[in-house]
Every structure is written in C-alpha cells, then in structure tokens.
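Containing PDB, C-alpha atoms and all ligand atoms: my_file14.pdb.
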ATOM      1  CA  MET N 123      -2.190 -35.556  15.521  1.00  0.00           C
ATOM      2  CA  ARG N 124      -1.667 -31.793  15.559  1.00  0.00           C
ATOM      3  CA  ARG N 125       1.861 -30.615  16.409  1.00  0.00           C
ATOM      4  CA  PRO N 126       1.636 -27.837  19.009  1.00  0.00           C
ATOM      5  CA  ILE N 127       3.038 -24.407  18.221  1.00  0.00           C
ATOM      6  CA  VAL N 128       4.292 -21.780  20.638  1.00  0.00           C
ATOM      7  CA  ALA N 129       4.889 -18.427  18.963  1.00  0.00           C
ATOM      8  CA  GLY N 130       6.345 -15.290  20.530  1.00  0.00           C
ATOM      9  CA  ASN N 131       5.035 -11.928  19.337  1.00  0.00           C
ATOM     10  CA  TRP N 132       7.655  -9.353  20.314  1.00  0.00           C
ATOM     11  CA  LYS N 133       5.413  -6.500  19.143  1.00  0.00           C
ATOM     12  CA  MET N 134       7.238  -3.135  18.863  1.00  0.00           C
ATOM     13  CA  HIS N 135       9.881  -4.081  21.441  1.00  0.00           C
ATOM     14  CA  GLY N 136      13.637  -4.323  21.133  1.00  0.00           C
ATOM     15  CA  THR N 137      16.902  -2.670  20.204  1.00  0.00           C
ATOM     16  CA  ARG N 138      19.847  -4.318  18.425  1.00  0.00           C
ATOM     17  CA  ASP N 139      21.334  -4.918  21.828  1.00  0.00           C
ATOM     18  CA  SER N 140      18.297  -6.335  23.596  1.00  0.00           C
ATOM     19  CA  VAL N 141      17.493  -8.475  20.538  1.00  0.00           C
ATOM     20  CA  ALA N 142      21.039  -9.905  20.612  1.00  0.00           C
ATOM     21  CA  LYS N 143      20.556 -10.816  24.296  1.00  0.00           C
ATOM     22  CA  LEU N 144      17.184 -12.412  23.601  1.00  0.00           C
ATOM     23  CA  ILE N 145      18.645 -14.421  20.705  1.00  0.00           C
ATOM     24  CA  LYS N 146      21.380 -15.700  23.014  1.00  0.00           C
ATOM     25  CA  GLY N 147      18.780 -16.675  25.607  1.00  0.00           C
ATOM     26  CA  LEU N 148      16.742 -18.516  22.974  1.00  0.00           C
ATOM     27  CA  ARG N 149      19.789 -20.384  21.683  1.00  0.00           C
ATOM     28  CA  ASP N 150      20.535 -21.596  25.199  1.00  0.00           C
ATOM     29  CA  LEU N 151      17.039 -23.034  25.732  1.00  0.00           C
ATOM     30  CA  ALA N 152      16.331 -26.745  25.891  1.00  0.00           C
ATOM     31  CA  LEU N 153      13.283 -26.827  23.624  1.00  0.00           C
ATOM     32  CA  PRO N 154      10.969 -29.839  23.386  1.00  0.00           C
ATOM     33  CA  SER N 155      11.310 -31.608  20.039  1.00  0.00           C
ATOM     34  CA  GLY N 156       7.566 -32.157  19.573  1.00  0.00           C
ATOM     35  CA  VAL N 157       6.718 -28.458  19.623  1.00  0.00           C
ATOM     36  CA  GLU N 158       7.058 -26.002  16.764  1.00  0.00           C
ATOM     37  CA  VAL N 159       8.562 -22.780  18.117  1.00  0.00           C
ATOM     38  CA  ALA N 160       8.410 -19.435  16.310  1.00  0.00           C
ATOM     39  CA  VAL N 161       9.166 -15.805  17.088  1.00  0.00           C
ATOM     40  CA  PHE N 162       7.835 -12.650  15.452  1.00  0.00           C
ATOM     41  CA  PRO N 163      10.355  -9.837  15.923  1.00  0.00           C
ATOM     42  CA  PRO N 164       9.841  -6.278  14.658  1.00  0.00           C
ATOM     43  CA  SER N 165      10.654  -6.289  10.905  1.00  0.00           C
ATOM     44  CA  LEU N 166      13.830  -4.289  11.457  1.00  0.00           C
ATOM     45  CA  TYR N 167      15.363  -7.193  13.407  1.00  0.00           C
ATOM     46  CA  ILE N 168      14.111 -10.125  11.296  1.00  0.00           C
ATOM     47  CA  ASN N 169      17.485 -10.676   9.577  1.00  0.00           C
ATOM     48  CA  GLN N 170      19.353 -10.453  12.883  1.00  0.00           C
ATOM     49  CA  VAL N 171      17.019 -13.023  14.446  1.00  0.00           C
ATOM     50  CA  ILE N 172      17.098 -15.400  11.468  1.00  0.00           C
ATOM     51  CA  GLU N 173      20.890 -15.332  11.488  1.00  0.00           C
ATOM     52  CA  GLY N 174      20.985 -15.718  15.263  1.00  0.00           C
ATOM     53  CA  VAL N 175      18.479 -18.392  16.232  1.00  0.00           C
ATOM     54  CA  GLY N 176      19.350 -21.113  13.738  1.00  0.00           C
ATOM     55  CA  LYS N 177      16.871 -23.563  12.274  1.00  0.00           C
ATOM     56  CA  VAL N 178      15.170 -24.821  15.440  1.00  0.00           C
ATOM     57  CA  ILE N 179      13.110 -21.653  15.852  1.00  0.00           C
ATOM     58  CA  ALA N 180      11.076 -20.363  12.905  1.00  0.00           C
ATOM     59  CA  VAL N 181      10.884 -16.630  12.344  1.00  0.00           C
ATOM     60  CA  GLY N 182       7.759 -14.792  11.274  1.00  0.00           C
ATOM     61  CA  ALA N 183       6.699 -11.229  10.538  1.00  0.00           C
ATOM     62  CA  GLN N 184       4.128  -9.273  12.513  1.00  0.00           C
ATOM     63  CA  ASN N 185       2.719  -7.705   9.367  1.00  0.00           C
ATOM     64  CA  SER N 186       3.036  -7.838   5.594  1.00  0.00           C
ATOM     65  CA  ALA N 187       1.713  -6.004   2.553  1.00  0.00           C
ATOM     66  CA  ILE N 188      -1.577  -6.516   0.741  1.00  0.00           C
ATOM     67  CA  GLU N 189       0.341  -7.205  -2.473  1.00  0.00           C
ATOM     68  CA  PRO N 190       2.491 -10.347  -2.721  1.00  0.00           C
ATOM     69  CA  GLU N 191       5.351  -8.921  -4.785  1.00  0.00           C
ATOM     70  CA  GLN N 192       7.685  -5.972  -4.314  1.00  0.00           C
ATOM     71  CA  GLY N 193       6.608  -2.706  -5.948  1.00  0.00           C
ATOM     72  CA  ALA N 194       5.525   0.870  -5.344  1.00  0.00           C
ATOM     73  CA  LEU N 195       3.995   0.640  -1.878  1.00  0.00           C
ATOM     74  CA  THR N 196       5.849   2.993   0.425  1.00  0.00           C
ATOM     75  CA  GLY N 197       6.540   1.763   3.920  1.00  0.00           C
ATOM     76  CA  GLU N 198       5.303  -1.787   3.348  1.00  0.00           C
ATOM     77  CA  ILE N 199       7.157  -5.092   3.161  1.00  0.00           C
ATOM     78  CA  ALA N 200       6.005  -7.608   0.553  1.00  0.00           C
ATOM     79  CA  PRO N 201       5.436 -11.178   1.691  1.00  0.00           C
ATOM     80  CA  SER N 202       7.763 -12.275  -1.133  1.00  0.00           C
ATOM     81  CA  GLN N 203      10.502 -10.145   0.501  1.00  0.00           C
ATOM     82  CA  LEU N 204       9.780 -11.734   3.877  1.00  0.00           C
ATOM     83  CA  ALA N 205       9.998 -15.182   2.307  1.00  0.00           C
ATOM     84  CA  ASP N 206      13.255 -14.163   0.623  1.00  0.00           C
ATOM     85  CA  ALA N 207      14.628 -13.148   4.038  1.00  0.00           C
ATOM     86  CA  GLY N 208      13.781 -16.596   5.415  1.00  0.00           C
ATOM     87  CA  CYS N 209      10.476 -15.880   7.192  1.00  0.00           C
ATOM     88  CA  LYS N 210       8.046 -18.764   7.437  1.00  0.00           C
ATOM     89  CA  LEU N 211       4.951 -17.191   8.977  1.00  0.00           C
ATOM     90  CA  VAL N 212       3.103 -13.900   9.256  1.00  0.00           C
ATOM     91  CA  LEU N 213       0.539 -12.587  11.721  1.00  0.00           C
ATOM     92  CA  VAL N 214      -2.701 -11.418  10.120  1.00  0.00           C
ATOM     93  CA  GLY N 215      -5.369  -9.508  11.999  1.00  0.00           C
ATOM     94  CA  HIS N 216      -3.744  -9.023  15.380  1.00  0.00           C
ATOM     95  CA  SER N 217      -6.193  -6.994  17.466  1.00  0.00           C
ATOM     96  CA  GLU N 218      -3.691  -4.143  17.807  1.00  0.00           C
ATOM     97  CA  ARG N 219      -3.673  -3.808  14.029  1.00  0.00           C
ATOM     98  CA  ARG N 220      -7.438  -4.221  13.722  1.00  0.00           C
ATOM     99  CA  GLN N 221      -8.195  -1.719  16.463  1.00  0.00           C
ATOM    100  CA  ILE N 222      -5.315   0.770  16.621  1.00  0.00           C
ATOM    101  CA  ILE N 223      -4.216   0.809  12.975  1.00  0.00           C
ATOM    102  CA  GLY N 224      -7.771   0.258  11.737  1.00  0.00           C
ATOM    103  CA  GLU N 225      -7.175  -2.688   9.409  1.00  0.00           C
ATOM    104  CA  SER N 226     -10.460  -3.770   7.863  1.00  0.00           C
ATOM    105  CA  GLU N 227     -11.620  -7.261   6.980  1.00  0.00           C
ATOM    106  CA  ALA N 228     -11.057  -6.392   3.303  1.00  0.00           C
ATOM    107  CA  VAL N 229      -7.410  -5.541   4.003  1.00  0.00           C
ATOM    108  CA  LEU N 230      -6.902  -8.669   6.108  1.00  0.00           C
ATOM    109  CA  ILE N 231      -8.282 -10.882   3.343  1.00  0.00           C
ATOM    110  CA  ARG N 232      -5.741  -9.403   0.917  1.00  0.00           C
ATOM    111  CA  LYS N 233      -2.876  -9.780   3.408  1.00  0.00           C
ATOM    112  CA  PHE N 234      -3.828 -13.391   4.128  1.00  0.00           C
ATOM    113  CA  ALA N 235      -4.002 -14.280   0.432  1.00  0.00           C
ATOM    114  CA  ALA N 236      -0.801 -12.413  -0.450  1.00  0.00           C
ATOM    115  CA  ALA N 237       1.109 -14.146   2.348  1.00  0.00           C
ATOM    116  CA  GLN N 238      -0.024 -17.591   1.248  1.00  0.00           C
ATOM    117  CA  ALA N 239       0.785 -16.815  -2.380  1.00  0.00           C
ATOM    118  CA  CYS N 240       4.414 -16.372  -1.277  1.00  0.00           C
ATOM    119  CA  GLY N 241       4.546 -19.568   0.745  1.00  0.00           C
ATOM    120  CA  LEU N 242       4.169 -17.927   4.155  1.00  0.00           C
ATOM    121  CA  THR N 243       1.828 -19.450   6.725  1.00  0.00           C
ATOM    122  CA  PRO N 244      -0.671 -16.854   7.938  1.00  0.00           C
ATOM    123  CA  VAL N 245      -1.502 -16.881  11.654  1.00  0.00           C
ATOM    124  CA  LEU N 246      -5.006 -15.417  11.660  1.00  0.00           C
ATOM    125  CA  CYS N 247      -5.776 -13.663  14.957  1.00  0.00           C
ATOM    126  CA  ILE N 248      -9.399 -13.368  16.016  1.00  0.00           C
ATOM    127  CA  GLY N 249     -11.037 -12.397  19.277  1.00  0.00           C
ATOM    128  CA  GLU N 250     -13.710 -10.368  21.014  1.00  0.00           C
ATOM    129  CA  THR N 251     -13.517  -7.231  23.150  1.00  0.00           C
ATOM    130  CA  LEU N 252     -14.642  -7.197  26.771  1.00  0.00           C
ATOM    131  CA  GLU N 253     -17.798  -5.328  25.793  1.00  0.00           C
ATOM    132  CA  GLU N 254     -18.629  -8.001  23.233  1.00  0.00           C
ATOM    133  CA  ARG N 255     -18.004 -10.814  25.737  1.00  0.00           C
ATOM    134  CA  GLU N 256     -20.192  -9.142  28.319  1.00  0.00           C
ATOM    135  CA  ALA N 257     -22.917  -8.806  25.702  1.00  0.00           C
ATOM    136  CA  GLN N 258     -22.645 -12.605  25.104  1.00  0.00           C
ATOM    137  CA  LYS N 259     -21.403 -11.943  21.573  1.00  0.00           C
ATOM    138  CA  THR N 260     -18.085 -13.792  21.721  1.00  0.00           C
ATOM    139  CA  LEU N 261     -18.964 -16.642  19.365  1.00  0.00           C
ATOM    140  CA  GLU N 262     -20.781 -14.326  16.969  1.00  0.00           C
ATOM    141  CA  ILE N 263     -17.771 -11.979  16.691  1.00  0.00           C
ATOM    142  CA  VAL N 264     -15.140 -14.687  16.419  1.00  0.00           C
ATOM    143  CA  GLY N 265     -17.350 -16.607  13.977  1.00  0.00           C
ATOM    144  CA  ARG N 266     -17.744 -13.530  11.789  1.00  0.00           C
ATOM    145  CA  GLN N 267     -13.993 -12.816  11.745  1.00  0.00           C
ATOM    146  CA  LEU N 268     -13.309 -16.401  10.684  1.00  0.00           C
ATOM    147  CA  ASP N 269     -16.102 -16.446   8.102  1.00  0.00           C
ATOM    148  CA  SER N 270     -14.722 -13.316   6.519  1.00  0.00           C
ATOM    149  CA  ILE N 271     -11.635 -15.280   5.397  1.00  0.00           C
ATOM    150  CA  ILE N 272     -13.519 -18.504   4.613  1.00  0.00           C
ATOM    151  CA  ASP N 273     -16.133 -16.716   2.498  1.00  0.00           C
ATOM    152  CA  ALA N 274     -13.543 -14.765   0.537  1.00  0.00           C
ATOM    153  CA  LEU N 275     -10.807 -17.371   0.088  1.00  0.00           C
ATOM    154  CA  GLY N 276     -12.422 -20.761   0.775  1.00  0.00           C
ATOM    155  CA  ILE N 277     -12.011 -23.252   3.603  1.00  0.00           C
ATOM    156  CA  GLU N 278      -9.024 -24.940   1.895  1.00  0.00           C
ATOM    157  CA  VAL N 279      -6.747 -22.002   2.745  1.00  0.00           C
ATOM    158  CA  PHE N 280      -6.736 -23.249   6.342  1.00  0.00           C
ATOM    159  CA  ALA N 281      -4.808 -26.327   5.243  1.00  0.00           C
ATOM    160  CA  ASN N 282      -1.834 -23.947   5.389  1.00  0.00           C
ATOM    161  CA  ALA N 283      -2.754 -21.509   8.127  1.00  0.00           C
ATOM    162  CA  VAL N 284      -2.924 -21.268  11.890  1.00  0.00           C
ATOM    163  CA  ILE N 285      -5.669 -19.587  13.888  1.00  0.00           C
ATOM    164  CA  ALA N 286      -4.982 -17.730  17.136  1.00  0.00           C
ATOM    165  CA  TYR N 287      -7.934 -17.023  19.390  1.00  0.00           C
ATOM    166  CA  GLU N 288      -6.953 -13.939  21.361  1.00  0.00           C
ATOM    167  CA  PRO N 289      -9.627 -12.300  23.485  1.00  0.00           C
ATOM    168  CA  VAL N 290      -8.806  -8.600  23.258  1.00  0.00           C
ATOM    169  CA  TRP N 291      -9.498  -8.120  26.975  1.00  0.00           C
ATOM    170  CA  ALA N 292      -6.775 -10.661  27.809  1.00  0.00           C
ATOM    171  CA  ILE N 293      -4.004  -9.206  25.636  1.00  0.00           C
ATOM    172  CA  GLY N 294      -1.334  -7.474  27.679  1.00  0.00           C
ATOM    173  CA  THR N 295      -3.709  -7.050  30.621  1.00  0.00           C
ATOM    174  CA  GLY N 296      -2.643  -9.896  32.891  1.00  0.00           C
ATOM    175  CA  LEU N 297      -6.214 -11.231  32.598  1.00  0.00           C
ATOM    176  CA  THR N 298      -6.314 -14.687  31.047  1.00  0.00           C
ATOM    177  CA  ALA N 299      -9.329 -16.584  29.776  1.00  0.00           C
ATOM    178  CA  THR N 300      -9.901 -19.602  31.979  1.00  0.00           C
ATOM    179  CA  PRO N 301      -8.947 -22.853  30.262  1.00  0.00           C
ATOM    180  CA  GLN N 302     -12.662 -23.666  29.932  1.00  0.00           C
ATOM    181  CA  GLN N 303     -13.534 -20.245  28.468  1.00  0.00           C
ATOM    182  CA  ALA N 304     -10.739 -20.638  25.917  1.00  0.00           C
ATOM    183  CA  GLN N 305     -11.670 -24.253  25.147  1.00  0.00           C
ATOM    184  CA  ASP N 306     -15.319 -23.282  24.524  1.00  0.00           C
ATOM    185  CA  VAL N 307     -14.272 -20.786  21.859  1.00  0.00           C
ATOM    186  CA  HIS N 308     -11.687 -23.131  20.329  1.00  0.00           C
ATOM    187  CA  GLU N 309     -14.292 -25.881  20.105  1.00  0.00           C
ATOM    188  CA  ALA N 310     -16.695 -23.494  18.363  1.00  0.00           C
ATOM    189  CA  ILE N 311     -13.960 -22.455  15.903  1.00  0.00           C
ATOM    190  CA  ARG N 312     -13.176 -26.088  15.086  1.00  0.00           C
ATOM    191  CA  LYS N 313     -16.894 -26.835  14.584  1.00  0.00           C
ATOM    192  CA  GLN N 314     -17.176 -23.867  12.259  1.00  0.00           C
ATOM    193  CA  LEU N 315     -14.259 -25.210  10.183  1.00  0.00           C
ATOM    194  CA  ALA N 316     -15.711 -28.741  10.308  1.00  0.00           C
ATOM    195  CA  ALA N 317     -19.032 -27.563   8.898  1.00  0.00           C
ATOM    196  CA  LYS N 318     -17.102 -26.788   5.693  1.00  0.00           C
ATOM    197  CA  ASN N 319     -14.358 -29.420   5.734  1.00  0.00           C
ATOM    198  CA  ALA N 320     -13.855 -32.031   8.464  1.00  0.00           C
ATOM    199  CA  GLU N 321     -10.259 -32.814   7.518  1.00  0.00           C
ATOM    200  CA  VAL N 322      -9.182 -29.185   7.566  1.00  0.00           C
ATOM    201  CA  ALA N 323     -10.894 -28.755  10.940  1.00  0.00           C
ATOM    202  CA  GLN N 324      -9.103 -31.784  12.364  1.00  0.00           C
ATOM    203  CA  ASN N 325      -5.670 -30.618  11.216  1.00  0.00           C
ATOM    204  CA  THR N 326      -5.766 -26.843  11.805  1.00  0.00           C
ATOM    205  CA  ARG N 327      -3.754 -25.674  14.801  1.00  0.00           C
ATOM    206  CA  LEU N 328      -5.728 -23.326  17.086  1.00  0.00           C
ATOM    207  CA  LEU N 329      -3.565 -21.242  19.423  1.00  0.00           C
ATOM    208  CA  TYR N 330      -4.695 -19.345  22.485  1.00  0.00           C
ATOM    209  CA  GLY N 331      -3.237 -15.902  23.160  1.00  0.00           C
ATOM    210  CA  GLY N 332      -3.783 -13.466  26.003  1.00  0.00           C
ATOM    211  CA  SER N 333      -1.476 -13.098  28.990  1.00  0.00           C
ATOM    212  CA  VAL N 334      -0.104 -16.639  28.751  1.00  0.00           C
ATOM    213  CA  LYS N 335       2.777 -17.215  31.183  1.00  0.00           C
ATOM    214  CA  ALA N 336       4.713 -20.238  32.365  1.00  0.00           C
ATOM    215  CA  ALA N 337       2.385 -20.393  35.382  1.00  0.00           C
ATOM    216  CA  ASN N 338      -0.859 -20.827  33.382  1.00  0.00           C
ATOM    217  CA  ALA N 339       0.381 -22.365  30.112  1.00  0.00           C
ATOM    218  CA  ALA N 340       0.134 -26.057  30.999  1.00  0.00           C
ATOM    219  CA  GLU N 341      -3.499 -25.808  32.062  1.00  0.00           C
ATOM    220  CA  LEU N 342      -4.475 -23.934  28.894  1.00  0.00           C
ATOM    221  CA  PHE N 343      -2.499 -26.233  26.585  1.00  0.00           C
ATOM    222  CA  GLY N 344      -4.043 -29.258  28.286  1.00  0.00           C
ATOM    223  CA  MET N 345      -7.451 -28.463  26.782  1.00  0.00           C
ATOM    224  CA  PRO N 346      -8.418 -30.679  23.831  1.00  0.00           C
ATOM    225  CA  ASP N 347      -8.795 -27.961  21.185  1.00  0.00           C
ATOM    226  CA  ILE N 348      -5.888 -25.735  22.268  1.00  0.00           C
ATOM    227  CA  ASP N 349      -2.811 -26.528  20.198  1.00  0.00           C
ATOM    228  CA  GLY N 350      -0.358 -24.062  21.696  1.00  0.00           C
ATOM    229  CA  GLY N 351      -0.131 -20.346  22.245  1.00  0.00           C
ATOM    230  CA  LEU N 352       0.636 -16.937  20.827  1.00  0.00           C
ATOM    231  CA  ILE N 353       2.663 -15.234  23.517  1.00  0.00           C
ATOM    232  CA  GLY N 354       3.228 -11.492  23.796  1.00  0.00           C
ATOM    233  CA  GLY N 355       4.889 -10.023  26.884  1.00  0.00           C
ATOM    234  CA  ALA N 356       6.186 -13.321  28.263  1.00  0.00           C
ATOM    235  CA  SER N 357       8.044 -14.057  25.013  1.00  0.00           C
ATOM    236  CA  LEU N 358      10.469 -11.209  25.714  1.00  0.00           C
ATOM    237  CA  ASN N 359      12.010 -13.271  28.488  1.00  0.00           C
ATOM    238  CA  ALA N 360      13.809 -16.296  27.012  1.00  0.00           C
ATOM    239  CA  ASP N 361      13.559 -18.433  30.158  1.00  0.00           C
ATOM    240  CA  GLU N 362       9.851 -17.760  30.599  1.00  0.00           C
ATOM    241  CA  PHE N 363       9.251 -18.408  26.893  1.00  0.00           C
ATOM    242  CA  GLY N 364      11.218 -21.662  27.121  1.00  0.00           C
ATOM    243  CA  ALA N 365       9.096 -22.801  30.058  1.00  0.00           C
ATOM    244  CA  ILE N 366       5.928 -22.070  28.037  1.00  0.00           C
ATOM    245  CA  CYS N 367       7.321 -24.089  25.113  1.00  0.00           C
ATOM    246  CA  ARG N 368       8.024 -27.001  27.441  1.00  0.00           C
ATOM    247  CA  ALA N 369       4.458 -26.783  28.820  1.00  0.00           C
ATOM    248  CA  ALA N 370       3.213 -27.313  25.255  1.00  0.00           C
ATOM    249  CA  GLY N 371       5.382 -30.403  24.945  1.00  0.00           C
ATOM    250  CA  ASN N 372       3.914 -32.152  27.961  1.00  0.00           C
TER
HETATM  251  C1  LIG G 401      -0.290 -10.878  21.830  1.00  0.00           C
HETATM  252  O1  LIG G 401       0.172  -9.762  21.635  1.00  0.00           O
HETATM  253  O2  LIG G 401      -0.591 -11.575  20.873  1.00  0.00           O
HETATM  254  C2  LIG G 401      -0.467 -11.340  23.209  1.00  0.00           C
HETATM  255  C3  LIG G 401      -1.111 -12.456  23.398  1.00  0.00           C
HETATM  256  O3  LIG G 401       0.079 -10.558  24.194  1.00  0.00           O
HETATM  257  P1  LIG G 401       0.218 -10.931  25.771  1.00  0.00           P
HETATM  258  O4  LIG G 401       0.714 -12.344  25.863  1.00  0.00           O
HETATM  259  O5  LIG G 401       1.187  -9.939  26.300  1.00  0.00           O
HETATM  260  O6  LIG G 401      -1.143 -10.795  26.358  1.00  0.00           O
END
Can you dump the structure from the file as structure tokens?
Amino acid sequence: MRRPIVAGNWKMHGTRDSVAKLIKGLRDLALPSGVEVAVFPPSLYINQVIEGVGKVIAVGAQNSAIEPEQGALTGEIAPSQLADAGCKLVLVGHSERRQIIGESEAVLIRKFAAAQACGLTPVLCIGETLEEREAQKTLEIVGRQLDSIIDALGIEVFANAVIAYEPVWAIGTGLTATPQQAQDVHEAIRKQLAAKNAEVAQNTRLLYGGSVKAANAAELFGMPDIDGGLIGGASLNADEFGAICRAAGN
C-alpha cells in the first residue's frame, strides 16, 4: 500500500513575513494522518519553516548541488548541508530548472545521486511540453527522462525516491491534465519501472503536478496510479493546500 504524498512547491515566492503567515496557516490545518505532507520553500526560508511547522510536515529543498559535501562551489547548497538543516527531500529536474536554467540530464543525474548519498529523498520531476504532447510524443519524452536516471544509477535508486509527472503545459497555466490523461502517463511510468523491478514499481509513489487545486484534486488522486500531488501556486494558500491534502486522504 503506497502512502500518498502531497508536496507544496513554493517556488521563488515569499518574504520573512509572508512565510511566517503561511507557517501559521499550516500549523492550524487539520491534516489527514494517512498522508505524507511536505513543503519546499525557497532555500533562504528553510530554517524558518523547519522551526515553524513542527514534525508533521516534512521540509524539502527546491534544488541542491551536484556534489554531496560542502566545498568550493559558489552559490550552491550541498545536500549534506540541507540534511544538516533538517531537510528530508529535494526536487530534481523541475521543468523550470530544466527549461529556464538549462539543467541537463547529466547534471540531474549528479544531483539525484548526491541527494541520495546524503539521505535526502529525490523527487524526480518529468513531463512533456505542449508541442511534444501534440506531436504524440508524451510517453517517449517522459520515458526518456526516467530512463536517463535508471540507466545511470540503476532501478534500485527508486526504492528511495518519488517521481512527479508534471506536464509542462499544465504548470502554472490553470490547465490541468484530465484524470485519465494523467493516469495514462502514470501507468506507463509504473510499467517502465516494473520492466526492471516489479517491487520497486509497486512501491514507488508517483505524484501528479500541474495546476492542482482543491476543486480537481480528489478526481486526480482517485486514479489508481496517482499517489498524490506536487502543488505549486495552490500551496501558497494554507487552506487550499490543506483541502488538497485532505483530498489525498480520502
Ligand atoms: C509546480 O511548480 O510543480 C506546479 C505543479 O505548479 P502549479 O501547481 O502552480 O501548476
């Protein structure tokens, strides 16, 4: 039985003040006990959030360095430093970092491995652009992104990782994949894992991300291969985020 996860990606949003308000809102939520809840604040606020939210909500980083340990790498944060701060997870391969920052597969492989070496759980984000979907290339693209990690690091790394399917055209656009569209991709991802290791495939949590809100969460999370969500914009509102977490618990 896979325990659902709902994770909030705050992206580059927040000030000390707004983060304090969001923390208060999160502390006041009645969260379902069967759901793992995590938030990914900007790195600057990670300590504030860890101190503020308590143990019920895990805290993750939106990015981490290609090297596991601290050293001469200006501007980066080592996964060992994130672990030392109390982080549990890290996003790897979010489409904004792939597309806007230009992170390559080679870089993502190193980030994934470095994060795991420090005990962090990587949340590997994969997904196709609108152009690729319209060209019927969704499964090819998503399959290639997943294979890049499997080929380099082995299938066993997914025993301690989460995968988030996030169609790029649905991120921050208000457009959501239909539950069936999302399920089709999730099923293909699980089959791809199963071709290498059935047990890993059965146990790996597959999240959907892309304009999830309280209004559409229950339908998406009701699909057999969707084990929760990675939530961007809607995670900045504690009440909305709480409602999405409860949808995953039903
Ligand atoms: C995201 O950034 O991972 C995301 C899914 O964003 P949104 O929910 O705003 O589409």
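With CA of Gln221 (chain N) on one side and CA of Gly249 (chain N) on the other, the separation reads 11.4 Å.
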Name the residues captured by the PyMOL selection byres (((chain N and resi 185) around 10) and not hetatm) when it is applied to the shown file; answer as number ranges by chain. N: 162, 164-165, 182-184, 186-188, 198-201, 204, 211-216, 219, 233, 237, 244
Determine the axis-aligned bounding box of all atoms of ligand LIG 401 (chain G) present in the file, pad each side by 8 Å, and express its centre and edge lengths in Å to one decimal place as AutoDock Vina command-line options.
--center_x 0.0 --center_y -11.1 --center_z 23.6 --size_x 18.3 --size_y 18.7 --size_z 21.5
Cut-off 12 Å around (15.8, -6.4, 23.9) with all atoms listed in the file: residues as a PyMOL selection string: chain N and resi 132-147+163-164+167+171+355+357-360
Given the PyMOL selection byres (((chain N and resi 311) around 10) and not hetatm) and the file above, list the residues it selects as an MDAnalysis selection string. chainID N and resid 261 264:265 268 285 287 305:310 312:316 323 328 347
Residues within 7 Å of ligand LIG 401 (chain G) should be enumerated using all atoms listed in the file and returned as a PyMOL selection string. chain N and resi 131+133+216+288+292-296+331-334+352-356
Once the PyMOL selection byres (((chain N and resi 280) around 9) and not hetatm) has been evaluated on this model, what residues remain selected, and can you format them as a PDB file with C-alpha atoms, in the coordinates of the input?
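Okay, this is what ended up in selection29.pdb:
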ATOM      1  CA  PRO N 244      -0.671 -16.854   7.938  1.00  0.00           C
ATOM      2  CA  ILE N 272     -13.519 -18.504   4.613  1.00  0.00           C
ATOM      3  CA  GLY N 276     -12.422 -20.761   0.775  1.00  0.00           C
ATOM      4  CA  ILE N 277     -12.011 -23.252   3.603  1.00  0.00           C
ATOM      5  CA  GLU N 278      -9.024 -24.940   1.895  1.00  0.00           C
ATOM      6  CA  VAL N 279      -6.747 -22.002   2.745  1.00  0.00           C
ATOM      7  CA  ALA N 281      -4.808 -26.327   5.243  1.00  0.00           C
ATOM      8  CA  ASN N 282      -1.834 -23.947   5.389  1.00  0.00           C
ATOM      9  CA  ALA N 283      -2.754 -21.509   8.127  1.00  0.00           C
ATOM     10  CA  VAL N 284      -2.924 -21.268  11.890  1.00  0.00           C
ATOM     11  CA  ILE N 285      -5.669 -19.587  13.888  1.00  0.00           C
ATOM     12  CA  LEU N 315     -14.259 -25.210  10.183  1.00  0.00           C
ATOM     13  CA  VAL N 322      -9.182 -29.185   7.566  1.00  0.00           C
ATOM     14  CA  ALA N 323     -10.894 -28.755  10.940  1.00  0.00           C
ATOM     15  CA  ASN N 325      -5.670 -30.618  11.216  1.00  0.00           C
ATOM     16  CA  THR N 326      -5.766 -26.843  11.805  1.00  0.00           C
TER      17      THR N 326
END
Check the smallest atom-to-atom distance from each of N:Glu254, N:Glu191, N:Glu158, N:Glu341 to Trp291 (chain N) using only C-alpha atoms, then report the winner. N:Glu254
Return the single residue from N:Met123, N:Ala370, N:Leu242, N:Cys209 that is closest to Val161 (chain N), with distances computed using all atoms listed in the file. N:Cys209
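Non-sequential neighbours of Gln267 (chain N) (distance at most 9 Å, separation of 5 or more positions within a chain, only C-alpha atoms) are Glu227, Cys247, Ile248, Gly249 and Glu262 of chain N.
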Mind dumping the selected residues with C-alpha atoms as a short mmCIF file (atom, residue, chain, number, x, y, z; two decimals), keeping the file's coordinate frame?
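Ended up saving to out38.cif:
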data_model
loop_
_atom_site.label_atom_id
_atom_site.label_comp_id
_atom_site.auth_asym_id
_atom_site.auth_seq_id
_atom_site.Cartn_x
_atom_site.Cartn_y
_atom_site.Cartn_z
CA GLU N 227 -11.62 -7.26 6.98
CA CYS N 247 -5.78 -13.66 14.96
CA ILE N 248 -9.40 -13.37 16.02
CA GLY N 249 -11.04 -12.40 19.28
CA GLU N 262 -20.78 -14.33 16.97
#
Neighbours of point (1.8, -28.3, 20.0) within 8 Å, using only C-alpha atoms, written as number ranges by chain: N: 124-128, 156-158, 349-350, 370-371
Would you write out those residues with C-alpha atoms, as an mmCIF file, keeping the file's coordinate frame?
data_model
loop_
_atom_site.group_PDB
_atom_site.id
_atom_site.type_symbol
_atom_site.label_atom_id
_atom_site.label_comp_id
_atom_site.auth_asym_id
_atom_site.auth_seq_id
_atom_site.Cartn_x
_atom_site.Cartn_y
_atom_site.Cartn_z
ATOM 1 C CA ARG N 124 -1.667 -31.793 15.559
ATOM 2 C CA ARG N 125 1.861 -30.615 16.409
ATOM 3 C CA PRO N 126 1.636 -27.837 19.009
ATOM 4 C CA ILE N 127 3.038 -24.407 18.221
ATOM 5 C CA VAL N 128 4.292 -21.780 20.638
ATOM 6 C CA GLY N 156 7.566 -32.157 19.573
ATOM 7 C CA VAL N 157 6.718 -28.458 19.623
ATOM 8 C CA GLU N 158 7.058 -26.002 16.764
ATOM 9 C CA ASP N 349 -2.811 -26.528 20.198
ATOM 10 C CA GLY N 350 -0.358 -24.062 21.696
ATOM 11 C CA ALA N 370 3.213 -27.313 25.255
ATOM 12 C CA GLY N 371 5.382 -30.403 24.945
#
